[in-house]
>>> print(open('coords25.csv').read())   # CSV, C-alpha atoms
chain,number,residue,atom,x,y,z
A,1,MET,CA,0.0,0.0,0.0
A,2,LYS,CA,2.8,2.4,0.8
A,3,LEU,CA,4.5,1.7,-2.5
A,4,GLN,CA,1.2,2.2,-4.4
A,5,ARG,CA,0.7,5.6,-2.6
A,6,LYS,CA,4.3,6.6,-3.3
A,7,ASN,CA,3.9,5.8,-7.0
A,8,ARG,CA,0.5,7.6,-7.1
A,9,LEU,CA,2.0,10.7,-5.6
A,10,ARG,CA,5.0,10.6,-7.9
A,11,ALA,CA,2.7,10.3,-10.9
A,12,LEU,CA,0.5,13.2,-9.8
A,13,SER,CA,3.5,15.4,-9.1
A,14,LEU,CA,5.0,14.6,-12.5
A,15,GLY,CA,1.7,15.5,-14.1
A,16,ALA,CA,1.6,18.7,-12.2
A,17,VAL,CA,5.0,19.9,-13.4
A,18,ALA,CA,5.0,18.5,-16.9
A,19,VAL,CA,4.1,21.8,-18.4
A,20,THR,CA,6.1,23.1,-21.3
A,21,GLY,CA,7.1,26.6,-21.9
A,22,ALA,CA,4.2,26.9,-24.3
A,23,LEU,CA,1.9,26.7,-21.3
A,24,ALA,CA,3.5,29.5,-19.3
A,25,LEU,CA,0.8,31.8,-18.2
A,26,THR,CA,1.2,34.9,-16.0
A,27,ALA,CA,-1.3,34.9,-13.2
A,28,CYS,CA,-3.1,38.2,-13.2
A,29,GLY,CA,-6.6,39.6,-13.2
A,30,SER,CA,-8.9,41.0,-10.6
A,31,ASP,CA,-11.9,39.7,-8.7
A,32,ASP,CA,-13.8,42.8,-9.9
A,33,ASN,CA,-13.5,42.0,-13.6
A,34,GLY,CA,-15.7,39.7,-15.7
A,35,GLY,CA,-14.2,36.6,-17.3
A,36,GLY,CA,-11.7,38.5,-19.4
A,37,GLY,CA,-8.3,37.9,-20.9
A,38,SER,CA,-6.0,37.4,-17.9
A,39,ALA,CA,-4.2,34.9,-20.0
A,40,SER,CA,-3.4,37.3,-22.9
A,41,GLY,CA,-0.4,36.5,-24.9
A,42,ASN,CA,-0.4,32.8,-23.8
A,43,PRO,CA,1.1,30.7,-26.6
A,44,SER,CA,-0.9,27.7,-25.5
A,45,THR,CA,-4.2,29.3,-26.5
A,46,SER,CA,-4.3,28.2,-30.1
A,47,ALA,CA,-3.2,24.7,-29.3
A,48,ASN,CA,-5.9,24.3,-26.6
A,49,ALA,CA,-8.6,25.9,-28.7
A,50,SER,CA,-8.1,23.5,-31.6
A,51,SER,CA,-9.0,20.5,-29.3
A,52,ILE,CA,-12.1,22.1,-27.6
A,53,LYS,CA,-15.4,20.5,-28.5
A,54,CYS,CA,-18.0,23.2,-28.9
A,55,ASP,CA,-20.9,21.0,-29.9
A,56,ASP,CA,-24.0,23.3,-29.9
A,57,ALA,CA,-22.5,25.9,-27.5
A,58,LYS,CA,-23.7,29.4,-28.3
A,59,GLY,CA,-24.7,32.7,-26.7
A,60,GLN,CA,-23.4,33.7,-23.3
A,61,LEU,CA,-23.1,32.2,-19.8
A,62,LEU,CA,-23.3,34.1,-16.5
A,63,ALA,CA,-21.5,32.6,-13.5
A,64,ASP,CA,-20.3,33.8,-10.1
A,65,GLY,CA,-18.4,32.5,-7.1
A,66,SER,CA,-15.0,31.6,-5.8
A,67,SER,CA,-12.4,34.3,-6.2
A,68,ALA,CA,-9.7,31.8,-5.5
A,69,GLN,CA,-10.2,30.2,-8.9
A,70,LYS,CA,-10.7,33.5,-10.8
A,71,ASN,CA,-7.3,33.4,-12.5
A,72,ALA,CA,-7.9,29.8,-13.7
A,73,ILE,CA,-11.3,30.7,-15.0
A,74,ASP,CA,-9.9,33.7,-16.8
A,75,ALA,CA,-7.4,31.5,-18.6
A,76,TRP,CA,-10.0,28.9,-19.5
A,77,VAL,CA,-12.5,31.5,-20.7
A,78,LYS,CA,-10.0,33.0,-23.1
A,79,ASN,CA,-9.3,29.6,-24.7
A,80,PHE,CA,-12.9,28.5,-24.8
A,81,SER,CA,-14.3,31.8,-26.1
A,82,GLN,CA,-11.8,31.9,-28.9
A,83,ALA,CA,-12.7,28.4,-29.9
A,84,CYS,CA,-16.5,28.5,-29.5
A,85,GLY,CA,-17.5,32.2,-29.7
A,86,VAL,CA,-19.4,31.9,-26.4
A,87,GLN,CA,-19.1,34.8,-23.9
A,88,ILE,CA,-18.7,33.8,-20.3
A,89,ASN,CA,-19.0,36.4,-17.6
A,90,TYR,CA,-17.6,35.0,-14.4
A,91,LYS,CA,-17.9,37.6,-11.7
A,92,GLY,CA,-15.7,36.1,-9.0
A,93,GLY,CA,-17.6,37.7,-6.1
A,94,GLY,CA,-16.8,35.0,-3.6
A,95,SER,CA,-18.1,31.5,-2.9
A,96,GLY,CA,-21.0,32.7,-0.8
A,97,ALA,CA,-22.2,35.1,-3.5
A,98,GLY,CA,-21.9,32.3,-6.1
A,99,VAL,CA,-23.9,29.8,-4.2
A,100,THR,CA,-26.6,32.4,-3.5
A,101,ALA,CA,-26.7,33.3,-7.2
A,102,PHE,CA,-27.0,29.6,-8.2
A,103,THR,CA,-29.8,28.8,-5.8
A,104,GLN,CA,-31.7,31.8,-7.0
A,105,GLY,CA,-31.4,30.8,-10.6
A,106,GLN,CA,-29.3,33.8,-11.7
A,107,VAL,CA,-26.3,31.9,-13.1
A,108,ALA,CA,-25.6,28.8,-15.2
A,109,PHE,CA,-23.0,27.5,-12.8
A,110,ALA,CA,-21.2,28.7,-9.7
A,111,GLY,CA,-17.8,28.3,-8.2
A,112,SER,CA,-17.3,27.5,-4.5
A,113,ASP,CA,-14.4,26.5,-2.4
A,114,SER,CA,-16.7,24.6,-0.1
A,115,PRO,CA,-19.3,22.0,-1.1
A,116,LEU,CA,-23.0,22.7,-0.9
A,117,LYS,CA,-24.6,22.5,2.5
A,118,PRO,CA,-27.7,20.3,2.9
A,119,GLU,CA,-30.0,23.4,3.0
A,120,GLU,CA,-28.3,24.7,-0.1
A,121,VAL,CA,-29.0,21.4,-1.9
A,122,THR,CA,-32.6,21.7,-0.9
A,123,ALA,CA,-32.8,25.2,-2.2
A,124,SER,CA,-31.2,24.2,-5.5
A,125,LYS,CA,-34.1,21.8,-6.2
A,126,GLN,CA,-36.3,24.8,-6.8
A,127,ILE,CA,-34.0,25.7,-9.7
A,128,CYS,CA,-32.9,22.3,-10.9
A,129,LYS,CA,-36.3,20.9,-12.0
A,130,GLY,CA,-36.3,17.2,-11.3
A,131,GLY,CA,-32.7,17.3,-10.0
A,132,GLN,CA,-30.4,19.2,-7.6
A,133,GLY,CA,-27.2,21.1,-7.4
A,134,ILE,CA,-24.0,18.9,-7.4
A,135,ASP,CA,-20.3,19.7,-6.6
A,136,LEU,CA,-17.7,19.0,-9.3
A,137,PRO,CA,-14.1,19.4,-8.1
A,138,MET,CA,-12.3,21.2,-10.8
A,139,VAL,CA,-9.4,23.3,-9.4
A,140,GLY,CA,-7.0,22.4,-6.6
A,141,GLY,CA,-4.5,24.7,-4.9
A,142,PRO,CA,-2.7,25.9,-1.8
A,143,ILE,CA,-4.1,28.7,0.3
A,144,ALA,CA,-0.9,30.8,0.7
A,145,ILE,CA,-0.3,32.8,3.8
A,146,GLY,CA,1.1,36.0,2.3
A,147,TYR,CA,3.1,38.4,4.4
A,148,ASN,CA,4.8,41.8,4.1
A,149,VAL,CA,7.6,42.0,6.8
A,150,PRO,CA,10.5,44.2,5.7
A,151,GLY,CA,13.8,42.4,5.8
A,152,VAL,CA,12.3,38.9,6.2
A,153,ASP,CA,12.5,36.9,3.0
A,154,ASN,CA,11.8,33.4,4.5
A,155,LEU,CA,9.3,33.0,7.2
A,156,VAL,CA,8.2,29.7,8.9
A,157,LEU,CA,5.0,29.4,10.9
A,158,ASP,CA,3.0,26.5,12.3
A,159,ALA,CA,-0.7,26.0,13.1
A,160,PRO,CA,-0.7,27.2,16.7
A,161,THR,CA,1.2,30.4,15.8
A,162,LEU,CA,-1.1,31.1,12.8
A,163,ALA,CA,-4.1,30.7,15.0
A,164,LYS,CA,-2.8,33.1,17.6
A,165,ILE,CA,-1.8,35.7,15.0
A,166,PHE,CA,-5.3,35.6,13.3
A,167,ASP,CA,-7.0,35.6,16.7
A,168,SER,CA,-5.0,38.7,17.8
A,169,LYS,CA,-3.2,36.7,20.5
A,170,ILE,CA,0.2,37.3,18.9
A,171,THR,CA,0.6,41.0,17.9
A,172,LYS,CA,4.3,41.6,17.2
A,173,TRP,CA,6.5,40.0,14.6
A,174,ASN,CA,9.4,39.5,17.1
A,175,ASP,CA,7.1,37.5,19.4
A,176,PRO,CA,9.0,34.6,21.0
A,177,ALA,CA,6.7,32.0,19.4
A,178,ILE,CA,7.6,33.3,15.9
A,179,ALA,CA,11.3,33.7,16.8
A,180,ALA,CA,11.4,30.0,17.9
A,181,LEU,CA,10.3,28.9,14.5
A,182,ASN,CA,12.7,31.2,12.7
A,183,LYS,CA,16.1,30.8,14.4
A,184,GLY,CA,18.8,33.1,12.9
A,185,VAL,CA,16.2,35.4,11.3
A,186,LYS,CA,16.1,39.0,12.5
A,187,LEU,CA,12.5,39.7,13.2
A,188,PRO,CA,11.4,43.4,13.5
A,189,ASP,CA,9.7,44.9,16.5
A,190,LEU,CA,6.7,45.6,14.2
A,191,LYS,CA,3.0,45.3,14.8
A,192,ILE,CA,1.2,42.5,13.0
A,193,GLN,CA,-1.6,43.6,10.7
A,194,ALA,CA,-3.7,40.5,10.1
A,195,PHE,CA,-6.2,40.7,7.1
A,196,HIS,CA,-9.1,38.3,6.6
A,197,ARG,CA,-12.0,38.2,4.1
A,198,SER,CA,-14.9,40.6,4.5
A,199,ASP,CA,-17.2,38.6,2.3
A,200,GLU,CA,-18.4,35.0,2.7
A,201,SER,CA,-15.6,32.9,1.4
A,202,GLY,CA,-14.7,29.3,0.8
A,203,THR,CA,-11.1,30.3,1.2
A,204,THR,CA,-12.0,31.4,4.8
A,205,ASP,CA,-13.9,28.1,5.3
A,206,ASN,CA,-10.9,26.0,4.3
A,207,PHE,CA,-8.3,28.1,6.1
A,208,THR,CA,-10.3,27.9,9.4
A,209,LYS,CA,-10.9,24.1,8.8
A,210,TYR,CA,-7.2,23.7,8.8
A,211,LEU,CA,-6.9,25.6,12.1
A,212,ILE,CA,-9.8,23.7,13.7
A,213,ALA,CA,-8.3,20.3,12.6
A,214,THR,CA,-4.7,21.0,13.7
A,215,THR,CA,-4.9,23.3,16.7
A,216,PRO,CA,-8.4,23.2,18.2
A,217,ASP,CA,-7.0,24.5,21.6
A,218,ASN,CA,-5.9,27.7,19.9
A,219,TRP,CA,-8.8,28.1,17.5
A,220,LYS,CA,-12.2,27.7,19.3
A,221,TYR,CA,-14.5,29.0,16.5
A,222,SER,CA,-16.9,26.8,14.6
A,223,GLY,CA,-15.7,27.8,11.2
A,224,GLY,CA,-17.6,28.5,8.0
A,225,LYS,CA,-17.5,30.9,5.1
A,226,ALA,CA,-17.9,34.0,7.4
A,227,TRP,CA,-14.9,35.1,9.4
A,228,GLN,CA,-15.6,34.7,13.2
A,229,ALA,CA,-12.5,35.7,15.1
A,230,LYS,CA,-12.4,39.2,16.7
A,231,GLY,CA,-9.9,41.9,15.7
A,232,GLY,CA,-7.9,42.1,12.5
A,233,GLN,CA,-8.7,43.9,9.3
A,234,SER,CA,-10.7,42.8,6.3
A,235,ALA,CA,-11.0,43.2,2.6
A,236,PRO,CA,-13.2,41.6,-0.1
A,237,GLN,CA,-12.2,38.7,-2.3
A,238,SER,CA,-8.7,37.2,-2.6
A,239,ALA,CA,-7.4,40.1,-4.7
A,240,GLY,CA,-8.5,42.6,-2.1
A,241,VAL,CA,-6.8,40.8,0.8
A,242,ALA,CA,-3.6,40.4,-1.3
A,243,GLN,CA,-3.6,44.1,-2.2
A,244,GLN,CA,-4.0,45.1,1.4
A,245,VAL,CA,-1.1,42.8,2.5
A,246,LYS,CA,1.1,44.2,-0.4
A,247,GLN,CA,0.6,47.8,0.6
A,248,THR,CA,0.7,47.4,4.5
A,249,SER,CA,4.0,47.0,6.3
A,250,GLY,CA,3.7,44.2,8.9
A,251,ALA,CA,0.7,42.6,7.1
A,252,ILE,CA,-0.3,39.0,6.8
A,253,GLY,CA,-3.3,37.4,5.0
A,254,TYR,CA,-4.5,34.3,3.3
A,255,PHE,CA,-5.4,33.9,-0.4
A,256,GLU,CA,-4.8,31.6,-3.3
A,257,LEU,CA,-1.2,31.1,-4.4
A,258,SER,CA,-1.7,32.8,-7.8
A,259,TYR,CA,-2.1,36.1,-5.9
A,260,VAL,CA,1.4,35.9,-4.4
A,261,LYS,CA,3.2,38.2,-6.8
A,262,ASP,CA,4.6,41.7,-7.2
A,263,GLY,CA,6.8,41.4,-4.2
A,264,LEU,CA,4.6,39.4,-1.9
A,265,LYS,CA,6.1,36.4,-0.1
A,266,ALA,CA,4.5,33.3,1.2
A,267,VAL,CA,4.9,31.5,4.6
A,268,SER,CA,6.3,28.0,4.7
A,269,ILE,CA,4.4,25.7,7.1
A,270,ASN,CA,6.0,23.6,9.8
A,271,THR,CA,3.8,20.5,9.6
A,272,GLY,CA,5.9,18.2,11.7
A,273,ALA,CA,7.6,16.8,8.6
A,274,SER,CA,11.4,16.9,8.4
A,275,LYS,CA,11.4,20.4,6.8
A,276,PRO,CA,8.8,23.2,6.4
A,277,VAL,CA,6.7,23.1,3.3
A,278,ALA,CA,6.2,26.0,1.0
A,279,PRO,CA,2.9,26.4,-1.0
A,280,SER,CA,3.2,25.2,-4.6
A,281,SER,CA,1.2,23.3,-7.2
A,282,GLU,CA,3.3,20.2,-6.4
A,283,SER,CA,3.0,20.4,-2.6
A,284,ALA,CA,-0.7,21.0,-2.9
A,285,THR,CA,-1.1,18.1,-5.3
A,286,ALA,CA,0.7,15.9,-2.8
A,287,ASP,CA,-2.0,16.7,-0.2
A,288,ILE,CA,-5.0,16.6,-2.5
A,289,ALA,CA,-3.9,13.1,-3.6
A,290,ALA,CA,-5.1,11.9,-0.2
A,291,ALA,CA,-8.6,13.4,-0.6
A,292,GLN,CA,-11.6,11.1,-0.3
A,293,VAL,CA,-14.9,11.5,-2.3
A,294,VAL,CA,-17.6,11.9,0.4
A,295,GLY,CA,-20.4,13.1,-1.9
A,296,THR,CA,-23.3,10.8,-2.7
A,297,GLY,CA,-24.9,10.1,-6.1
A,298,LYS,CA,-23.4,12.4,-8.7
A,299,ASP,CA,-22.1,14.8,-6.1
A,300,LEU,CA,-18.3,14.5,-5.9
A,301,SER,CA,-17.4,16.7,-2.9
A,302,LEU,CA,-14.1,15.8,-1.2
A,303,LYS,CA,-12.7,15.5,2.3
A,304,LEU,CA,-9.2,17.0,2.5
A,305,ASP,CA,-6.4,16.0,4.9
A,306,TYR,CA,-5.5,19.2,6.7
A,307,LYS,CA,-3.5,17.3,9.3
A,308,THR,CA,-1.0,15.7,6.9
A,309,LYS,CA,2.6,15.3,8.0
A,310,ALA,CA,3.7,13.7,4.7
A,311,GLU,CA,7.0,15.0,3.3
A,312,GLY,CA,6.5,17.7,0.8
A,313,ALA,CA,2.7,18.0,1.3
A,314,TYR,CA,1.3,21.4,2.0
A,315,PRO,CA,-1.6,21.2,4.4
A,316,ILE,CA,-3.6,24.4,3.8
A,317,THR,CA,-5.2,23.4,0.5
A,318,LEU,CA,-8.6,23.9,-1.1
A,319,VAL,CA,-10.6,22.4,-3.9
A,320,THR,CA,-12.9,24.6,-5.9
A,321,TYR,CA,-16.1,23.1,-7.1
A,322,GLU,CA,-18.2,24.1,-10.1
A,323,ILE,CA,-21.8,23.8,-8.9
A,324,VAL,CA,-24.3,22.8,-11.6
A,325,CYS,CA,-27.7,21.0,-11.8
A,326,ASP,CA,-27.4,17.3,-12.4
A,327,LYS,CA,-30.9,17.5,-14.1
A,328,GLY,CA,-33.1,20.5,-14.9
A,329,ASN,CA,-30.4,22.8,-16.4
A,330,LYS,CA,-31.9,25.6,-18.5
A,331,ALA,CA,-32.2,24.4,-22.1
A,332,ASP,CA,-30.7,27.6,-23.6
A,333,THR,CA,-27.5,27.4,-21.5
A,334,LEU,CA,-27.0,23.7,-21.1
A,335,PRO,CA,-25.0,23.1,-24.3
A,336,ALA,CA,-22.5,25.9,-23.5
A,337,THR,CA,-22.3,24.9,-19.8
A,338,LYS,CA,-21.5,21.3,-20.7
A,339,ALA,CA,-19.0,22.3,-23.4
A,340,PHE,CA,-17.2,24.7,-21.0
A,341,LEU,CA,-17.1,22.2,-18.1
A,342,ARG,CA,-16.0,19.4,-20.5
A,343,TYR,CA,-13.1,21.6,-21.6
A,344,ILE,CA,-11.9,22.6,-18.1
A,345,ALA,CA,-12.0,19.0,-16.9
A,346,SER,CA,-10.1,17.8,-20.0
A,347,GLU,CA,-6.5,17.0,-20.1
A,348,ASP,CA,-5.8,20.2,-21.9
A,349,GLY,CA,-7.8,22.3,-19.4
A,350,GLN,CA,-6.2,20.7,-16.3
A,351,LYS,CA,-2.7,21.0,-17.9
A,352,ILE,CA,-2.8,24.8,-17.7
A,353,LEU,CA,-3.2,24.9,-13.9
A,354,PRO,CA,0.3,24.3,-12.5
A,355,SER,CA,1.7,27.2,-14.6
A,356,ILE,CA,-0.7,29.7,-13.0
A,357,GLY,CA,-0.3,28.5,-9.4
A,358,TYR,CA,-3.0,25.9,-9.1
A,359,ALA,CA,-3.0,22.1,-8.7
A,360,PRO,CA,-4.8,19.7,-11.1
A,361,VAL,CA,-7.5,17.5,-9.7
A,362,PRO,CA,-6.1,13.9,-9.2
A,363,ALA,CA,-6.7,11.6,-12.2
A,364,ASP,CA,-9.0,9.2,-10.6
A,365,ILE,CA,-11.3,12.0,-9.4
A,366,ILE,CA,-11.2,14.1,-12.5
A,367,SER,CA,-12.2,11.0,-14.5
A,368,LYS,CA,-15.4,10.8,-12.5
A,369,VAL,CA,-16.0,14.5,-13.1
A,370,ARG,CA,-15.8,14.0,-16.8
A,371,THR,CA,-18.3,11.1,-16.7
A,372,THR,CA,-20.7,13.2,-14.6
A,373,ILE,CA,-20.5,16.2,-17.0
A,374,GLU,CA,-21.5,14.0,-20.0
A,375,GLY,CA,-24.7,13.0,-18.1
A,376,LEU,CA,-25.8,16.5,-17.2
A,377,SER,CA,-29.3,17.3,-18.6
>>> encode(input="coords25.csv", output="structure tokens")
Amino acid sequence: MKLQRKNRLRALSLGAVAVTGALALTACGSDDNGGGGSASGNPSTSANASSIKCDDAKGQLLADGSSAQKNAIDAWVKNFSQACGVQINYKGGGSGAGVTAFTQGQVAFAGSDSPLKPEEVTASKQICKGGQGIDLPMVGGPIAIGYNVPGVDNLVLDAPTLAKIFDSKITKWNDPAIAALNKGVKLPDLKIQAFHRSDESGTTDNFTKYLIATTPDNWKYSGGKAWQAKGGQSAPQSAGVAQQVKQTSGAIGYFELSYVKDGLKAVSINTGASKPVAPSSESATADIAAAQVVGTGKDLSLKLDYKTKAEGAYPITLVTYEIVCDKGNKADTLPATKAFLRYIASEDGQKILPSIGYAPVPADIISKVRTTIEGLS
């Protein structure tokens, strides 16, 4: 069993990094823009576009949800729109906004970093005539802990220290708890400015699930999409938190890895493995490889291993789901929805992800996603 798991992880890691220079995309874009061309100038566009099956896709699709996957959606939309002529407007207003828009029938599909709750599934049945909303895992990736501490280029933290920082229990960067994890690093006597999401966010849900799982004595909140701890500062969407961290000395915040750019740095996590683990597509893939499908029927929601101590596995990961009706999709948007989901779940669609800071969904899970997409009606 150990040998099989080792081979599986090696195969996943090789798949995550086997991206040629032709697939090099620069992660950019804003949560406030529609599904635009954040992948402009990407040499892989024409190659991917030639293999996209458009079928009867036409018109336009409205979608909303996870800001964590916004940069991936933008890259996918560029390729798909060029191939099929379909306009896709993905707002990226956060997971909470996306689920609400979906259950109110305002969008063809939604993105969420947390699977549907039972009450949300019930609400979806009013929109999905004869069916219900289901979760299709499509994007994996690490939740990076970005920081802005002058003079500190490599920072290591662990779960208890992170919990105390975001719960306003540790307030200075030269606190003994931080110093103990960063021997030889000159930490400034600087106030910590911790930023969290102001909107309902699946990124918040997954980050706090990590804290609850790994250090419950230091994080006594129930978790969920809404931030619960007292103190700190807030900003909307991943791009908003990243921007605040970038421009605030002493700041720290959590957001998807593709937002770590323009001088921002990311924390490495002491998981109990032999060395701290930095966020990357490869280290997230190593953790997501251990995920278990816990959804029933056509729902493919996953349970992640936040407590991993496996070598090279980054523990603060998320999987973004595309939420769609299994049955009862609107006839005028179903062909385009299926064609777009088919593309992003395809080998070509998943192959883009590592070059823009995301992790592909493991092969055995994405194969189930592909089968489910073909059965949407």
>>> closest_atom_pairs(input="coords25.csv", of="segment 193-282 of chain A", to="segment 302-325 of chain A", cutoff="10 Å", atoms="all atoms listed in the file", output="CSV")
residue,atom,partner,partner_atom,distance
A:Gly202,CA,A:Leu318,CA,8.4
A:Thr203,CA,A:Leu318,CA,7.2
A:Asp205,CA,A:Leu318,CA,9.3
A:Asn206,CA,A:Leu318,CA,6.2
A:Phe207,CA,A:Ile316,CA,6.4
A:Thr208,CA,A:Ile316,CA,9.4
A:Lys209,CA,A:Tyr306,CA,7.6
A:Tyr210,CA,A:Tyr306,CA,5.2
A:Leu211,CA,A:Tyr306,CA,8.5
A:Ile212,CA,A:Tyr306,CA,9.4
A:Ala213,CA,A:Lys307,CA,6.6
A:Thr214,CA,A:Lys307,CA,5.9
A:Thr215,CA,A:Lys307,CA,9.6
A:Tyr254,CA,A:Ile316,CA,10.0
A:Glu256,CA,A:Leu318,CA,8.9
A:Leu257,CA,A:Thr317,CA,10.0
A:Ser268,CA,A:Tyr314,CA,8.7
A:Ile269,CA,A:Tyr314,CA,7.4
A:Asn270,CA,A:Lys309,CA,9.1
A:Thr271,CA,A:Lys309,CA,5.6
A:Gly272,CA,A:Lys309,CA,5.7
A:Ala273,CA,A:Lys309,CA,5.3
A:Ser274,CA,A:Glu311,CA,7.0
A:Lys275,CA,A:Glu311,CA,7.8
A:Pro276,CA,A:Gly312,CA,8.2
A:Val277,CA,A:Tyr314,CA,5.8
A:Ala278,CA,A:Tyr314,CA,6.8
A:Pro279,CA,A:Tyr314,CA,6.0
A:Ser280,CA,A:Tyr314,CA,7.8
A:Ser281,CA,A:Tyr314,CA,9.4
A:Glu282,CA,A:Ala313,CA,8.0
>>> closest_atom_pairs(input="coords25.csv", of="segment 165-270 of chain A", to="segment 88-108 of chain A", cutoff="8 Å", atoms="all atoms listed in the file", output="CSV")
residue,atom,partner,partner_atom,distance
A:Asp199,CA,A:Gly94,CA,6.9
A:Glu200,CA,A:Gly96,CA,4.9
A:Ser201,CA,A:Ser95,CA,5.2
A:Gly202,CA,A:Ser95,CA,5.5
A:Lys225,CA,A:Gly96,CA,7.1
A:Gln237,CA,A:Gly94,CA,6.0
>>> atom_distance(input="coords25.csv", atom1="atom CA of Glu119 of chain A", atom2="atom CA of Lys330 of chain A")
21.7 Å
>>> atom_distance(input="coords25.csv", atom1="atom CA of Asp332 of chain A", atom2="atom CA of Ile365 of chain A")
28.7 Å
>>> closest_residue(input="coords25.csv", among="A:Leu300, A:Ile73, A:Ile52, A:Ala235", to="Ile366 of chain A", atoms="only C-alpha atoms")
A:Leu300
>>> atom_distance(input="coords25.csv", atom1="atom CA of Gln60 of chain A", atom2="atom CA of Gln82 of chain A")
13.0 Å
>>> residues_near_point(input="coords25.csv", point="(-4.5, 25.6, -8.2)", cutoff="12 Å", atoms="all atoms listed in the file", output="PDB file with C-alpha atoms, keeping the file's coordinate frame")
ATOM      1  CA  ALA A  16       1.600  18.700 -12.200  1.00  0.00           C
ATOM      2  CA  ALA A  27      -1.300  34.900 -13.200  1.00  0.00           C
ATOM      3  CA  SER A  67     -12.400  34.300  -6.200  1.00  0.00           C
ATOM      4  CA  ALA A  68      -9.700  31.800  -5.500  1.00  0.00           C
ATOM      5  CA  GLN A  69     -10.200  30.200  -8.900  1.00  0.00           C
ATOM      6  CA  LYS A  70     -10.700  33.500 -10.800  1.00  0.00           C
ATOM      7  CA  ASN A  71      -7.300  33.400 -12.500  1.00  0.00           C
ATOM      8  CA  ALA A  72      -7.900  29.800 -13.700  1.00  0.00           C
ATOM      9  CA  ILE A  73     -11.300  30.700 -15.000  1.00  0.00           C
ATOM     10  CA  ASP A 113     -14.400  26.500  -2.400  1.00  0.00           C
ATOM     11  CA  PRO A 137     -14.100  19.400  -8.100  1.00  0.00           C
ATOM     12  CA  MET A 138     -12.300  21.200 -10.800  1.00  0.00           C
ATOM     13  CA  VAL A 139      -9.400  23.300  -9.400  1.00  0.00           C
ATOM     14  CA  GLY A 140      -7.000  22.400  -6.600  1.00  0.00           C
ATOM     15  CA  GLY A 141      -4.500  24.700  -4.900  1.00  0.00           C
ATOM     16  CA  PRO A 142      -2.700  25.900  -1.800  1.00  0.00           C
ATOM     17  CA  ILE A 143      -4.100  28.700   0.300  1.00  0.00           C
ATOM     18  CA  ALA A 144      -0.900  30.800   0.700  1.00  0.00           C
ATOM     19  CA  PHE A 255      -5.400  33.900  -0.400  1.00  0.00           C
ATOM     20  CA  GLU A 256      -4.800  31.600  -3.300  1.00  0.00           C
ATOM     21  CA  LEU A 257      -1.200  31.100  -4.400  1.00  0.00           C
ATOM     22  CA  SER A 258      -1.700  32.800  -7.800  1.00  0.00           C
ATOM     23  CA  TYR A 259      -2.100  36.100  -5.900  1.00  0.00           C
ATOM     24  CA  PRO A 279       2.900  26.400  -1.000  1.00  0.00           C
ATOM     25  CA  SER A 280       3.200  25.200  -4.600  1.00  0.00           C
ATOM     26  CA  SER A 281       1.200  23.300  -7.200  1.00  0.00           C
ATOM     27  CA  GLU A 282       3.300  20.200  -6.400  1.00  0.00           C
ATOM     28  CA  SER A 283       3.000  20.400  -2.600  1.00  0.00           C
ATOM     29  CA  ALA A 284      -0.700  21.000  -2.900  1.00  0.00           C
ATOM     30  CA  THR A 285      -1.100  18.100  -5.300  1.00  0.00           C
ATOM     31  CA  ILE A 288      -5.000  16.600  -2.500  1.00  0.00           C
ATOM     32  CA  THR A 317      -5.200  23.400   0.500  1.00  0.00           C
ATOM     33  CA  LEU A 318      -8.600  23.900  -1.100  1.00  0.00           C
ATOM     34  CA  VAL A 319     -10.600  22.400  -3.900  1.00  0.00           C
ATOM     35  CA  THR A 320     -12.900  24.600  -5.900  1.00  0.00           C
ATOM     36  CA  TYR A 321     -16.100  23.100  -7.100  1.00  0.00           C
ATOM     37  CA  GLN A 350      -6.200  20.700 -16.300  1.00  0.00           C
ATOM     38  CA  LYS A 351      -2.700  21.000 -17.900  1.00  0.00           C
ATOM     39  CA  ILE A 352      -2.800  24.800 -17.700  1.00  0.00           C
ATOM     40  CA  LEU A 353      -3.200  24.900 -13.900  1.00  0.00           C
ATOM     41  CA  PRO A 354       0.300  24.300 -12.500  1.00  0.00           C
ATOM     42  CA  SER A 355       1.700  27.200 -14.600  1.00  0.00           C
ATOM     43  CA  ILE A 356      -0.700  29.700 -13.000  1.00  0.00           C
ATOM     44  CA  GLY A 357      -0.300  28.500  -9.400  1.00  0.00           C
ATOM     45  CA  TYR A 358      -3.000  25.900  -9.100  1.00  0.00           C
ATOM     46  CA  ALA A 359      -3.000  22.100  -8.700  1.00  0.00           C
ATOM     47  CA  PRO A 360      -4.800  19.700 -11.100  1.00  0.00           C
ATOM     48  CA  VAL A 361      -7.500  17.500  -9.700  1.00  0.00           C
ATOM     49  CA  PRO A 362      -6.100  13.900  -9.200  1.00  0.00           C
TER      50      PRO A 362
END
>>> residues_around(input="coords25.csv", residues="Cys128 of chain A", least_positions_apart="5", cutoff="8 Å", atoms="all atoms listed in the file", output="list in words")
Gly133, Cys325, Asp326, Lys327, Gly328 and Asn329 of chain A
>>> closest_residue(input="coords25.csv", among="A:Asp135, A:Asp217, A:Asp189, A:Asp56", to="Lys164 of chain A", atoms="all atoms listed in the file")
A:Asp217
>>> closest_residue(input="coords25.csv", among="A:Gly130, A:Gly146, A:Pro176, A:Gly375", to="Ala251 of chain A", atoms="all atoms listed in the file")
A:Gly146
